[in-house]
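Dropping work-v9.cif in here (mmCIF, C-alpha atoms):
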data_structure
#
loop_
_atom_site.label_atom_id
_atom_site.label_comp_id
_atom_site.auth_asym_id
_atom_site.auth_seq_id
_atom_site.Cartn_x
_atom_site.Cartn_y
_atom_site.Cartn_z
CA MET A 28 109.18 94.24 140.72
CA SER A 29 108.21 91.79 143.44
CA THR A 30 110.83 90.85 146.00
CA SER A 31 111.66 87.37 147.21
CA HIS A 32 111.34 86.49 150.88
CA HIS A 33 113.85 83.68 150.47
CA ASP A 34 117.01 84.18 152.56
CA ARG A 35 119.55 83.92 149.79
CA SER A 36 122.47 83.87 152.19
CA HIS A 37 121.22 80.82 154.12
CA HIS A 38 123.78 78.54 152.53
CA ALA A 39 126.69 80.93 153.07
CA LYS A 40 125.73 81.30 156.75
CA LYS A 41 125.72 77.53 157.19
CA ALA A 42 128.94 76.84 155.31
CA THR A 43 131.10 79.74 156.55
CA GLY A 44 134.08 78.46 158.50
CA LYS A 45 133.21 74.82 157.77
CA GLY A 46 132.97 74.38 154.03
CA ASP A 47 130.56 72.41 151.90
CA PRO A 48 129.79 69.49 152.22
CA GLN A 49 131.37 69.52 155.71
CA CYS A 50 128.55 71.80 156.92
CA PHE A 51 126.06 68.94 156.43
CA ARG A 52 128.02 66.46 158.55
CA GLY A 53 125.82 64.52 160.96
CA GLU A 54 122.55 65.48 159.26
CA ALA A 55 121.89 62.44 157.05
CA GLY A 56 121.26 59.92 159.81
CA PRO A 57 122.73 56.41 159.86
CA PRO A 58 123.95 55.22 156.45
CA LYS A 59 122.03 52.30 154.89
CA PHE A 60 125.11 50.73 153.30
CA LYS A 61 128.71 50.04 154.30
CA VAL A 62 132.00 49.60 152.46
CA GLY A 63 132.04 46.34 150.52
CA ASP A 64 128.24 46.06 150.15
CA ARG A 65 126.92 44.98 146.77
CA VAL A 66 124.21 47.39 145.62
CA ARG A 67 122.13 48.00 142.52
CA ILE A 68 121.36 51.42 141.03
CA LYS A 69 117.64 52.19 141.03
CA ASP A 70 115.98 53.38 137.86
CA LEU A 71 114.04 56.29 139.39
CA PRO A 72 112.17 58.72 137.17
CA ASP A 73 114.69 61.36 136.21
CA ILE A 74 112.79 64.33 134.84
CA PHE A 75 114.23 67.86 134.97
CA TYR A 76 117.60 67.15 136.60
CA THR A 77 119.80 64.41 137.90
CA ARG A 78 123.49 63.60 138.30
CA CYS A 79 122.83 59.85 138.27
CA GLN A 80 124.18 58.67 134.94
CA VAL A 81 121.64 56.65 132.96
CA TYR A 82 124.35 54.12 132.07
CA THR A 83 124.47 53.03 135.74
CA ARG A 84 120.75 52.27 136.07
CA GLY A 85 120.02 48.70 137.07
CA ALA A 86 123.74 47.87 137.24
CA LEU A 87 125.43 46.12 140.15
CA CYS A 88 128.35 47.73 141.94
CA THR A 89 130.36 47.67 145.15
CA VAL A 90 130.50 50.39 147.80
CA ALA A 91 134.11 51.64 147.91
CA ALA A 92 133.63 54.44 150.46
CA LEU A 93 131.12 56.61 152.27
CA VAL A 94 132.33 60.00 151.11
CA TYR A 95 130.22 62.74 152.70
CA GLU A 96 126.72 63.90 153.61
CA SER A 97 125.10 66.47 151.35
CA PRO A 98 121.76 67.36 149.83
CA ALA A 99 121.25 65.23 146.72
CA ALA A 100 121.95 67.04 143.45
CA GLU A 101 118.28 66.76 142.53
CA ASP A 102 117.36 68.80 145.65
CA GLU A 103 120.31 71.17 145.76
CA ALA A 104 119.71 72.21 142.15
CA TRP A 105 116.62 74.07 143.43
CA ASP A 106 118.36 75.24 146.62
CA ASN A 107 116.60 72.69 148.82
CA THR A 108 119.26 71.80 151.37
CA ASP A 109 117.27 70.57 154.38
CA LYS A 110 117.44 66.80 153.67
CA PRO A 111 121.09 65.74 153.33
CA GLU A 112 121.85 62.16 152.24
CA TRP A 113 124.88 59.92 152.42
CA PHE A 114 127.00 59.90 149.27
CA TYR A 115 128.78 56.71 148.28
CA SER A 116 131.73 56.10 146.03
CA LEU A 117 130.82 53.09 143.91
CA ILE A 118 132.89 50.76 141.75
CA PHE A 119 131.38 49.18 138.63
CA ARG A 120 132.97 46.61 136.35
CA GLN A 121 133.06 48.10 132.87
CA LYS A 122 131.91 44.70 131.58
CA ASP A 123 128.71 45.12 133.62
CA LEU A 124 127.99 48.50 132.04
CA TRP A 125 128.84 48.03 128.37
CA PRO A 126 127.71 44.84 126.62
CA ASP A 127 130.46 45.06 123.98
CA TYR A 128 133.34 45.77 126.37
CA PRO A 129 136.31 43.61 125.27
CA ASP A 130 137.15 40.57 127.39
CA THR A 131 140.83 41.55 127.21
CA TYR A 132 140.02 44.37 129.64
CA ALA A 133 137.64 42.37 131.82
CA ASN A 134 139.19 43.78 135.01
CA ASP A 135 138.56 47.44 134.08
CA THR A 136 136.41 49.38 136.52
CA VAL A 137 134.83 52.81 136.76
CA GLU A 138 134.21 54.63 140.03
CA THR A 139 131.56 57.31 140.56
CA GLU A 140 129.68 58.99 143.41
CA LEU A 141 125.92 58.77 143.93
CA SER A 142 123.56 59.69 146.75
CA GLU A 143 121.77 57.07 148.81
CA ARG A 144 118.36 57.44 147.12
CA TRP A 145 119.78 55.76 144.02
CA LEU A 146 120.94 52.59 145.80
CA GLU A 147 119.18 49.37 146.76
CA LYS A 148 120.55 46.19 148.31
CA ALA A 149 121.58 43.76 145.56
CA MET B 27 119.33 91.57 112.84
CA SER B 28 117.62 94.45 111.09
CA THR B 29 116.57 93.58 107.57
CA ARG B 30 113.94 91.07 106.44
CA SER B 31 116.55 89.08 104.56
CA GLU B 32 118.55 88.75 107.77
CA VAL B 33 115.39 87.60 109.57
CA ILE B 34 114.81 84.88 106.97
CA LYS B 35 118.49 83.87 107.15
CA HIS B 36 118.13 83.54 110.93
CA ILE B 37 115.01 81.38 110.63
CA ASN B 38 116.73 79.07 108.15
CA LEU B 39 119.75 78.74 110.43
CA VAL B 40 117.54 77.84 113.42
CA GLY B 41 115.99 75.15 111.23
CA GLN B 42 119.43 73.62 110.75
CA LEU B 43 119.97 73.46 114.54
CA GLN B 44 117.04 71.14 115.15
CA PRO B 45 118.18 67.80 116.58
CA ALA B 46 118.70 65.40 113.68
CA LEU B 47 115.74 63.09 114.18
CA HIS B 48 115.06 61.39 110.93
CA HIS B 49 111.35 62.03 110.75
CA PRO B 50 109.23 65.13 111.37
CA GLN B 51 108.45 65.69 115.06
CA HIS B 52 106.56 68.93 115.23
CA ALA B 53 103.71 68.95 117.77
CA PRO B 54 103.01 65.20 117.71
CA TYR B 55 99.71 63.70 118.89
CA PRO B 56 100.02 61.97 122.28
CA ASP B 57 99.84 58.45 120.82
CA ALA B 58 102.98 59.19 118.79
CA ILE B 59 105.09 59.41 121.96
CA ASP B 60 105.71 56.04 123.60
CA HIS B 61 107.56 55.64 126.91
CA ASN B 62 110.94 55.24 125.22
CA LEU B 63 110.61 58.40 123.20
CA TYR B 64 109.23 60.31 126.20
CA ARG B 65 112.26 59.29 128.22
CA ALA B 66 114.64 60.21 125.44
CA TYR B 67 113.13 63.69 125.27
CA LEU B 68 113.14 64.18 129.06
CA ARG B 69 116.70 63.00 129.62
CA SER B 70 119.13 65.53 131.10
CA SER B 71 121.17 66.84 128.20
CA HIS B 72 124.46 66.66 130.14
CA ASP B 73 124.12 62.90 130.67
CA VAL B 74 126.07 61.97 127.55
CA GLY B 75 127.96 58.97 128.94
CA GLY B 76 127.70 56.01 126.60
CA GLU B 77 126.13 57.84 123.70
CA PRO B 78 127.49 56.75 120.34
CA ASP B 79 129.84 59.49 119.13
CA VAL B 80 132.99 60.12 117.12
CA PRO B 81 136.35 61.24 118.53
CA ILE B 82 136.83 64.99 118.79
CA ARG B 83 140.17 66.75 118.44
CA TRP B 84 141.56 68.06 121.73
CA GLU B 85 143.22 71.44 121.54
CA GLU B 86 145.16 73.41 124.13
CA LYS B 87 143.38 76.73 124.56
CA GLU B 88 143.93 79.44 127.13
CA GLU B 89 140.89 81.18 128.58
CA GLU B 90 140.02 84.44 126.90
CA LEU B 91 139.41 87.57 129.00
CA TRP B 92 135.63 87.40 128.59
CA GLU B 93 135.71 83.79 129.74
CA LEU B 94 137.62 84.66 132.90
CA ASN B 95 135.24 87.56 133.55
CA THR B 96 132.28 85.25 133.06
CA PHE B 97 133.68 82.78 135.58
CA ALA B 98 134.28 85.57 138.13
CA THR B 99 130.75 86.92 137.60
CA CYS B 100 129.20 83.51 138.17
CA GLU B 101 131.28 82.99 141.32
CA CYS B 102 130.12 86.38 142.62
CA LEU B 103 126.52 85.34 142.02
CA ALA B 104 127.19 82.29 144.19
CA TRP B 105 129.02 84.31 146.85
CA ARG B 106 126.01 86.65 147.08
CA GLY B 107 123.63 83.70 147.37
CA VAL B 108 121.88 84.10 144.03
CA TRP B 109 122.58 80.44 143.21
CA ASN B 110 124.63 77.50 144.42
CA ALA B 111 126.93 75.45 142.19
CA GLU B 112 124.31 72.75 141.59
CA GLU B 113 121.67 75.23 140.48
CA ARG B 114 124.23 76.81 138.15
CA ARG B 115 125.00 73.40 136.65
CA ARG B 116 121.34 72.57 136.25
CA ARG B 117 120.74 75.79 134.41
CA GLN B 118 123.79 75.77 132.18
CA ASN B 119 123.95 72.04 131.42
CA VAL B 120 120.33 70.94 131.35
CA ASP B 121 117.78 73.76 131.36
CA LEU B 122 119.26 75.20 128.17
CA GLY B 123 118.16 72.12 126.25
CA GLN B 124 120.15 69.77 124.08
CA THR B 125 120.54 72.04 121.07
CA GLN B 126 122.15 74.87 123.06
CA TYR B 127 124.06 72.49 125.34
CA LEU B 128 125.82 70.90 122.40
CA GLY B 129 125.89 73.97 120.19
CA LEU B 130 127.28 76.81 122.33
CA PRO B 131 130.82 77.27 123.71
CA TYR B 132 131.36 76.26 127.33
CA TYR B 133 131.63 79.77 128.77
CA GLY B 134 128.94 81.00 126.42
CA ARG B 135 126.57 78.75 128.36
CA TRP B 136 127.85 80.15 131.67
CA LEU B 137 127.30 83.71 130.52
CA LEU B 138 123.85 83.09 129.09
CA THR B 139 122.86 81.33 132.31
CA ALA B 140 124.13 84.20 134.48
CA ALA B 141 121.89 86.59 132.55
CA ARG B 142 118.98 84.16 132.74
CA ILE B 143 119.07 83.77 136.51
CA MET B 144 119.08 87.53 137.01
CA VAL B 145 115.79 87.65 135.12
CA ASP B 146 114.33 84.46 136.66
CA LYS B 147 114.98 85.67 140.22
CA GLN B 148 113.83 89.18 139.43
CA TYR B 149 117.06 91.08 139.98
CA VAL B 150 116.51 92.66 136.57
CA THR B 151 113.52 92.59 134.28
CA LEU B 152 113.85 91.14 130.81
CA THR B 153 112.86 94.58 129.52
CA GLU B 154 115.85 96.16 131.31
CA LEU B 155 118.21 93.47 130.04
CA VAL B 156 117.01 93.70 126.44
CA ASN B 157 117.24 97.49 126.45
CA LYS B 158 120.77 97.32 127.88
CA ILE B 159 121.95 94.79 125.30
CA ASP B 160 120.42 96.95 122.56
CA GLU B 161 122.19 100.04 123.93
CA VAL B 162 125.57 98.30 124.12
CA LYS B 163 125.16 96.79 120.66
CA LYS B 164 124.50 100.22 119.17
CA ARG B 165 127.50 101.70 120.98
CA HIS B 166 129.77 99.01 119.54
CA GLU B 167 128.24 98.78 116.09
CA HIS B 168 130.94 100.84 114.43
CA LYS B 169 133.79 99.42 116.48
CA SER B 170 133.23 95.75 115.72
CA PRO B 171 131.12 95.30 112.60
CA ARG B 172 129.90 91.76 112.06
#
In structure tokens, how does this file's structure come out?
Amino acid sequence: MSTSHHDRSHHAKKATGKGDPQCFRGEAGPPKFKVGDRVRIKDLPDIFYTRCQVYTRGALCTVAALVYESPAAEDEAWDNTDKPEWFYSLIFRQKDLWPDYPDTYANDTVETELSERWLEKA
Amino acid sequence: MSTRSEVIKHINLVGQLQPALHHPQHAPYPDAIDHNLYRAYLRSSHDVGGEPDVPIRWEEKEEELWELNTFATCECLAWRGVWNAEERRRRQNVDLGQTQYLGLPYYGRWLLTAARIMVDKQYVTLTELVNKIDEVKKRHEHKSPR
């Protein structure tokens, strides 16, 4: 059986004593967006794996918080951890997501976290 | 599965698990797959938000011993660097495909995925795994007949 040359403890070494995602702090560079910004979710090709819900694609939302720096799910799912990104907590109006959402609940929102690659200035 | 009649029963059951598309889809020619259909096929099976569905009954259920053991095993695989949580999720929620994602119990997917990564990353060969499962099945055949 062939053996892998990949250091399978690289992540444990980095995170020990700090935690994850804290171990990626300071590695994503300056964030592109700030709290209160209006952004739109990009409709990137999403083959093989993503955590970016299809129902958010093309929808407008507001940045509620910059939550942490971490490799994007699409990278981390193959153990690629060398390009951390900013993660944002985003608030959508339910009315903007679901065409048939009742007007009675027009103020309903949903909040979810996505990495920076999925966002563009609205 | 030992007799021919059991083999045929298995094949018929697999046929029933096919996603319920309402027209035959086996090995289509390229011009039969437009961009919409391509995207529908390629979508990550865990991304179910917004899909039309019916309510399901919620039941309180405590974890069974094998489920707790499965969780501990998967955590040990992470602790030893075999995978991280995101790779585990990719494998157990998406790589399995829609039929298994929707059709198998939650911890069944964890357990299957733990076995799969041991083979994929060459900690065991599939031959070793198959022989072990066969050995254990034979040992338990009389204890827990199906």
Show me, as JSON lines, the residues of chain A having an atom within 9 Å of chain B, each with the closest atom pair and its distance in Å, using all atoms listed in the file.
{"residue": "A:Met28", "atom": "CA", "partner": "B:Gln148", "partner_atom": "CA", "distance": 7.0}
{"residue": "A:Ser29", "atom": "CA", "partner": "B:Gln148", "partner_atom": "CA", "distance": 7.4}
{"residue": "A:Thr30", "atom": "CA", "partner": "B:Gln148", "partner_atom": "CA", "distance": 7.4}
{"residue": "A:Ser31", "atom": "CA", "partner": "B:Lys147", "partner_atom": "CA", "distance": 7.9}
{"residue": "A:Asp34", "atom": "CA", "partner": "B:Gly107", "partner_atom": "CA", "distance": 8.4}
{"residue": "A:Arg35", "atom": "CA", "partner": "B:Gly107", "partner_atom": "CA", "distance": 4.7}
{"residue": "A:Ser36", "atom": "CA", "partner": "B:Gly107", "partner_atom": "CA", "distance": 5.0}
{"residue": "A:His37", "atom": "CA", "partner": "B:Gly107", "partner_atom": "CA", "distance": 7.7}
{"residue": "A:His38", "atom": "CA", "partner": "B:Gly107", "partner_atom": "CA", "distance": 7.3}
{"residue": "A:Ala39", "atom": "CA", "partner": "B:Gly107", "partner_atom": "CA", "distance": 7.0}
{"residue": "A:Pro72", "atom": "CA", "partner": "B:Arg65", "partner_atom": "CA", "distance": 9.0}
{"residue": "A:Asp73", "atom": "CA", "partner": "B:Arg69", "partner_atom": "CA", "distance": 7.1}
{"residue": "A:Ile74", "atom": "CA", "partner": "B:Leu68", "partner_atom": "CA", "distance": 5.8}
{"residue": "A:Phe75", "atom": "CA", "partner": "B:Ser70", "partner_atom": "CA", "distance": 6.7}
{"residue": "A:Tyr76", "atom": "CA", "partner": "B:Ser70", "partner_atom": "CA", "distance": 5.9}
{"residue": "A:Thr77", "atom": "CA", "partner": "B:Ser70", "partner_atom": "CA", "distance": 6.9}
{"residue": "A:Arg78", "atom": "CA", "partner": "B:Asp73", "partner_atom": "CA", "distance": 7.7}
{"residue": "A:Cys79", "atom": "CA", "partner": "B:Asp73", "partner_atom": "CA", "distance": 8.3}
{"residue": "A:Gln80", "atom": "CA", "partner": "B:Asp73", "partner_atom": "CA", "distance": 6.0}
{"residue": "A:Val81", "atom": "CA", "partner": "B:Asp73", "partner_atom": "CA", "distance": 7.1}
{"residue": "A:Tyr82", "atom": "CA", "partner": "B:Gly76", "partner_atom": "CA", "distance": 6.7}
{"residue": "A:Ala100", "atom": "CA", "partner": "B:Glu112", "partner_atom": "CA", "distance": 6.5}
{"residue": "A:Glu101", "atom": "CA", "partner": "B:Glu112", "partner_atom": "CA", "distance": 8.6}
{"residue": "A:Asp102", "atom": "CA", "partner": "B:Glu112", "partner_atom": "CA", "distance": 9.0}
{"residue": "A:Glu103", "atom": "CA", "partner": "B:Glu112", "partner_atom": "CA", "distance": 6.0}
{"residue": "A:Ala104", "atom": "CA", "partner": "B:Glu113", "partner_atom": "CA", "distance": 4.0}
{"residue": "A:Trp105", "atom": "CA", "partner": "B:Glu113", "partner_atom": "CA", "distance": 6.0}
{"residue": "A:Asp106", "atom": "CA", "partner": "B:Glu113", "partner_atom": "CA", "distance": 7.0}
{"residue": "A:Trp125", "atom": "CA", "partner": "B:Gly76", "partner_atom": "CA", "distance": 8.3}
| task | Counting all atoms listed in the file, note down every residue that has an atom within 6 Å of the point (121.1, 48.1, 144.5) (file coordinates), as a PyMOL selection string. | result | chain A and resi 66-68+146-149
| request: Mind giving me the straight-line distance from CA of Thr108 (chain A) to CA of Ala42 (chain A) in Å, one decimal? | output: 11.6 Å
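Atom to atom, CA of Gly63 (chain A) and CA of Leu141 (chain A) stand 15.3 Å apart.
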| said: To test your reading of the syntax: which residues would the PyMOL selection byres ((chain A and resi 139) around 8) return for the file shown? Reply as a list in words. | reply: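 So the PyMOL selection byres ((chain A and resi 139) around 8) ends up selecting Ser116, Leu117, Ile118, Val137, Glu138, Glu140 and Leu141 of chain A.
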| query | CA of Asp123 (chain A) to CA of Thr89 (chain A): how many Å, to one decimal? | reply | 11.9 Å
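Compared by their closest atoms to Leu94 (chain B), and using all atoms listed in the file, the residues B:Gln42, B:Val162, B:Tyr55, B:Leu137 rank with B:Leu137 nearest.
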| If you apply the PyMOL selection byres ((chain A and resi 95) around 8) to this file, what residues do you get, as a list in words? | Pro48, Gln49, Arg52, Leu93, Val94, Glu96, Ser97, Trp113, Phe114 and Tyr115 of chain A
Expansion of the PyMOL selection byres ((chain A and resi 136) around 9) into residues, as a JSON list (two decimals) with C-alpha atoms, keeping the file's coordinate frame:
[["chain", "number", "residue", "atom", "x", "y", "z"],
["A", 118, "ILE", "CA", 132.89, 50.76, 141.75],
["A", 119, "PHE", "CA", 131.38, 49.18, 138.63],
["A", 120, "ARG", "CA", 132.97, 46.61, 136.35],
["A", 121, "GLN", "CA", 133.06, 48.10, 132.87],
["A", 122, "LYS", "CA", 131.91, 44.70, 131.58],
["A", 133, "ALA", "CA", 137.64, 42.37, 131.82],
["A", 134, "ASN", "CA", 139.19, 43.78, 135.01],
["A", 135, "ASP", "CA", 138.56, 47.44, 134.08],
["A", 137, "VAL", "CA", 134.83, 52.81, 136.76],
["A", 138, "GLU", "CA", 134.21, 54.63, 140.03]]
Since the input lacks some atoms of region 121-152 of chain B, please model N, CA and C atoms and print them as a PDB file, in the coordinates of the input.
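Generated file (result.pdb):
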ATOM      1  N   ASP B 121     118.937  72.912 131.681  1.00  0.00           N
ATOM      2  CA  ASP B 121     117.780  73.760 131.360  1.00  0.00           C
ATOM      3  C   ASP B 121     117.869  74.387 129.964  1.00  0.00           C
ATOM      4  N   LEU B 122     119.094  74.608 129.492  1.00  0.00           N
ATOM      5  CA  LEU B 122     119.260  75.200 128.170  1.00  0.00           C
ATOM      6  C   LEU B 122     118.673  74.326 127.054  1.00  0.00           C
ATOM      7  N   GLY B 123     118.608  73.036 127.292  1.00  0.00           N
ATOM      8  CA  GLY B 123     118.160  72.120 126.250  1.00  0.00           C
ATOM      9  C   GLY B 123     119.322  71.603 125.430  1.00  0.00           C
ATOM     10  N   GLN B 124     119.077  70.491 124.765  1.00  0.00           N
ATOM     11  CA  GLN B 124     120.150  69.770 124.080  1.00  0.00           C
ATOM     12  C   GLN B 124     120.806  70.600 122.971  1.00  0.00           C
ATOM     13  N   THR B 125     119.997  71.313 122.213  1.00  0.00           N
ATOM     14  CA  THR B 125     120.540  72.040 121.070  1.00  0.00           C
ATOM     15  C   THR B 125     121.567  73.084 121.527  1.00  0.00           C
ATOM     16  N   GLN B 126     121.218  73.854 122.569  1.00  0.00           N
ATOM     17  CA  GLN B 126     122.150  74.870 123.060  1.00  0.00           C
ATOM     18  C   GLN B 126     123.292  74.244 123.845  1.00  0.00           C
ATOM     19  N   TYR B 127     123.006  73.157 124.573  1.00  0.00           N
ATOM     20  CA  TYR B 127     124.060  72.490 125.340  1.00  0.00           C
ATOM     21  C   TYR B 127     125.188  72.025 124.424  1.00  0.00           C
ATOM     22  N   LEU B 128     124.807  71.407 123.325  1.00  0.00           N
ATOM     23  CA  LEU B 128     125.820  70.900 122.400  1.00  0.00           C
ATOM     24  C   LEU B 128     126.352  71.982 121.462  1.00  0.00           C
ATOM     25  N   GLY B 129     125.563  73.023 121.247  1.00  0.00           N
ATOM     26  CA  GLY B 129     125.890  73.970 120.190  1.00  0.00           C
ATOM     27  C   GLY B 129     126.667  75.204 120.611  1.00  0.00           C
ATOM     28  N   LEU B 130     126.627  75.567 121.895  1.00  0.00           N
ATOM     29  CA  LEU B 130     127.280  76.810 122.330  1.00  0.00           C
ATOM     30  C   LEU B 130     128.596  76.512 123.031  1.00  0.00           C
ATOM     31  N   PRO B 131     129.557  77.458 122.987  1.00  0.00           N
ATOM     32  CA  PRO B 131     130.820  77.270 123.710  1.00  0.00           C
ATOM     33  C   PRO B 131     130.565  77.177 125.217  1.00  0.00           C
ATOM     34  N   TYR B 132     131.492  76.513 125.888  1.00  0.00           N
ATOM     35  CA  TYR B 132     131.360  76.260 127.330  1.00  0.00           C
ATOM     36  C   TYR B 132     131.038  77.540 128.111  1.00  0.00           C
ATOM     37  N   TYR B 133     131.882  78.556 127.995  1.00  0.00           N
ATOM     38  CA  TYR B 133     131.630  79.770 128.770  1.00  0.00           C
ATOM     39  C   TYR B 133     130.495  80.606 128.201  1.00  0.00           C
ATOM     40  N   GLY B 134     130.135  80.364 126.962  1.00  0.00           N
ATOM     41  CA  GLY B 134     128.940  81.000 126.420  1.00  0.00           C
ATOM     42  C   GLY B 134     127.716  80.553 127.203  1.00  0.00           C
ATOM     43  N   ARG B 135     127.689  79.265 127.564  1.00  0.00           N
ATOM     44  CA  ARG B 135     126.570  78.750 128.360  1.00  0.00           C
ATOM     45  C   ARG B 135     126.579  79.342 129.772  1.00  0.00           C
ATOM     46  N   TRP B 136     127.767  79.511 130.350  1.00  0.00           N
ATOM     47  CA  TRP B 136     127.850  80.150 131.670  1.00  0.00           C
ATOM     48  C   TRP B 136     127.268  81.563 131.612  1.00  0.00           C
ATOM     49  N   LEU B 137     127.688  82.309 130.598  1.00  0.00           N
ATOM     50  CA  LEU B 137     127.300  83.710 130.520  1.00  0.00           C
ATOM     51  C   LEU B 137     125.793  83.864 130.293  1.00  0.00           C
ATOM     52  N   LEU B 138     125.283  83.051 129.382  1.00  0.00           N
ATOM     53  CA  LEU B 138     123.850  83.090 129.090  1.00  0.00           C
ATOM     54  C   LEU B 138     123.038  82.754 130.341  1.00  0.00           C
ATOM     55  N   THR B 139     123.547  81.788 131.105  1.00  0.00           N
ATOM     56  CA  THR B 139     122.860  81.330 132.310  1.00  0.00           C
ATOM     57  C   THR B 139     122.906  82.389 133.417  1.00  0.00           C
ATOM     58  N   ALA B 140     124.027  83.121 133.484  1.00  0.00           N
ATOM     59  CA  ALA B 140     124.130  84.200 134.480  1.00  0.00           C
ATOM     60  C   ALA B 140     123.081  85.273 134.188  1.00  0.00           C
ATOM     61  N   ALA B 141     122.906  85.586 132.908  1.00  0.00           N
ATOM     62  CA  ALA B 141     121.890  86.590 132.550  1.00  0.00           C
ATOM     63  C   ALA B 141     120.494  86.044 132.851  1.00  0.00           C
ATOM     64  N   ARG B 142     120.285  84.764 132.562  1.00  0.00           N
ATOM     65  CA  ARG B 142     118.980  84.160 132.740  1.00  0.00           C
ATOM     66  C   ARG B 142     118.539  84.166 134.212  1.00  0.00           C
ATOM     67  N   ILE B 143     119.484  83.853 135.111  1.00  0.00           N
ATOM     68  CA  ILE B 143     119.070  83.770 136.510  1.00  0.00           C
ATOM     69  C   ILE B 143     118.748  85.150 137.080  1.00  0.00           C
ATOM     70  N   MET B 144     119.399  86.185 136.551  1.00  0.00           N
ATOM     71  CA  MET B 144     119.080  87.530 137.010  1.00  0.00           C
ATOM     72  C   MET B 144     117.641  87.893 136.667  1.00  0.00           C
ATOM     73  N   VAL B 145     117.184  87.409 135.530  1.00  0.00           N
ATOM     74  CA  VAL B 145     115.790  87.650 135.120  1.00  0.00           C
ATOM     75  C   VAL B 145     114.849  86.726 135.913  1.00  0.00           C
ATOM     76  N   ASP B 146     115.199  85.436 135.986  1.00  0.00           N
ATOM     77  CA  ASP B 146     114.330  84.460 136.660  1.00  0.00           C
ATOM     78  C   ASP B 146     114.076  84.855 138.119  1.00  0.00           C
ATOM     79  N   LYS B 147     115.116  85.336 138.795  1.00  0.00           N
ATOM     80  CA  LYS B 147     114.980  85.670 140.220  1.00  0.00           C
ATOM     81  C   LYS B 147     114.686  87.143 140.445  1.00  0.00           C
ATOM     82  N   GLN B 148     114.346  87.819 139.364  1.00  0.00           N
ATOM     83  CA  GLN B 148     113.830  89.180 139.430  1.00  0.00           C
ATOM     84  C   GLN B 148     114.801  90.221 139.978  1.00  0.00           C
ATOM     85  N   TYR B 149     116.115  90.016 139.672  1.00  0.00           N
ATOM     86  CA  TYR B 149     117.060  91.080 139.980  1.00  0.00           C
ATOM     87  C   TYR B 149     117.051  92.143 138.887  1.00  0.00           C
ATOM     88  N   VAL B 150     116.780  91.725 137.661  1.00  0.00           N
ATOM     89  CA  VAL B 150     116.510  92.660 136.570  1.00  0.00           C
ATOM     90  C   VAL B 150     115.283  92.144 135.817  1.00  0.00           C
ATOM     91  N   THR B 151     114.610  93.067 135.141  1.00  0.00           N
ATOM     92  CA  THR B 151     113.520  92.590 134.280  1.00  0.00           C
ATOM     93  C   THR B 151     114.101  92.274 132.908  1.00  0.00           C
ATOM     94  N   LEU B 152     113.407  91.437 132.166  1.00  0.00           N
ATOM     95  CA  LEU B 152     113.850  91.140 130.810  1.00  0.00           C
ATOM     96  C   LEU B 152     113.865  92.414 129.970  1.00  0.00           C
TER      97      LEU B 152
END
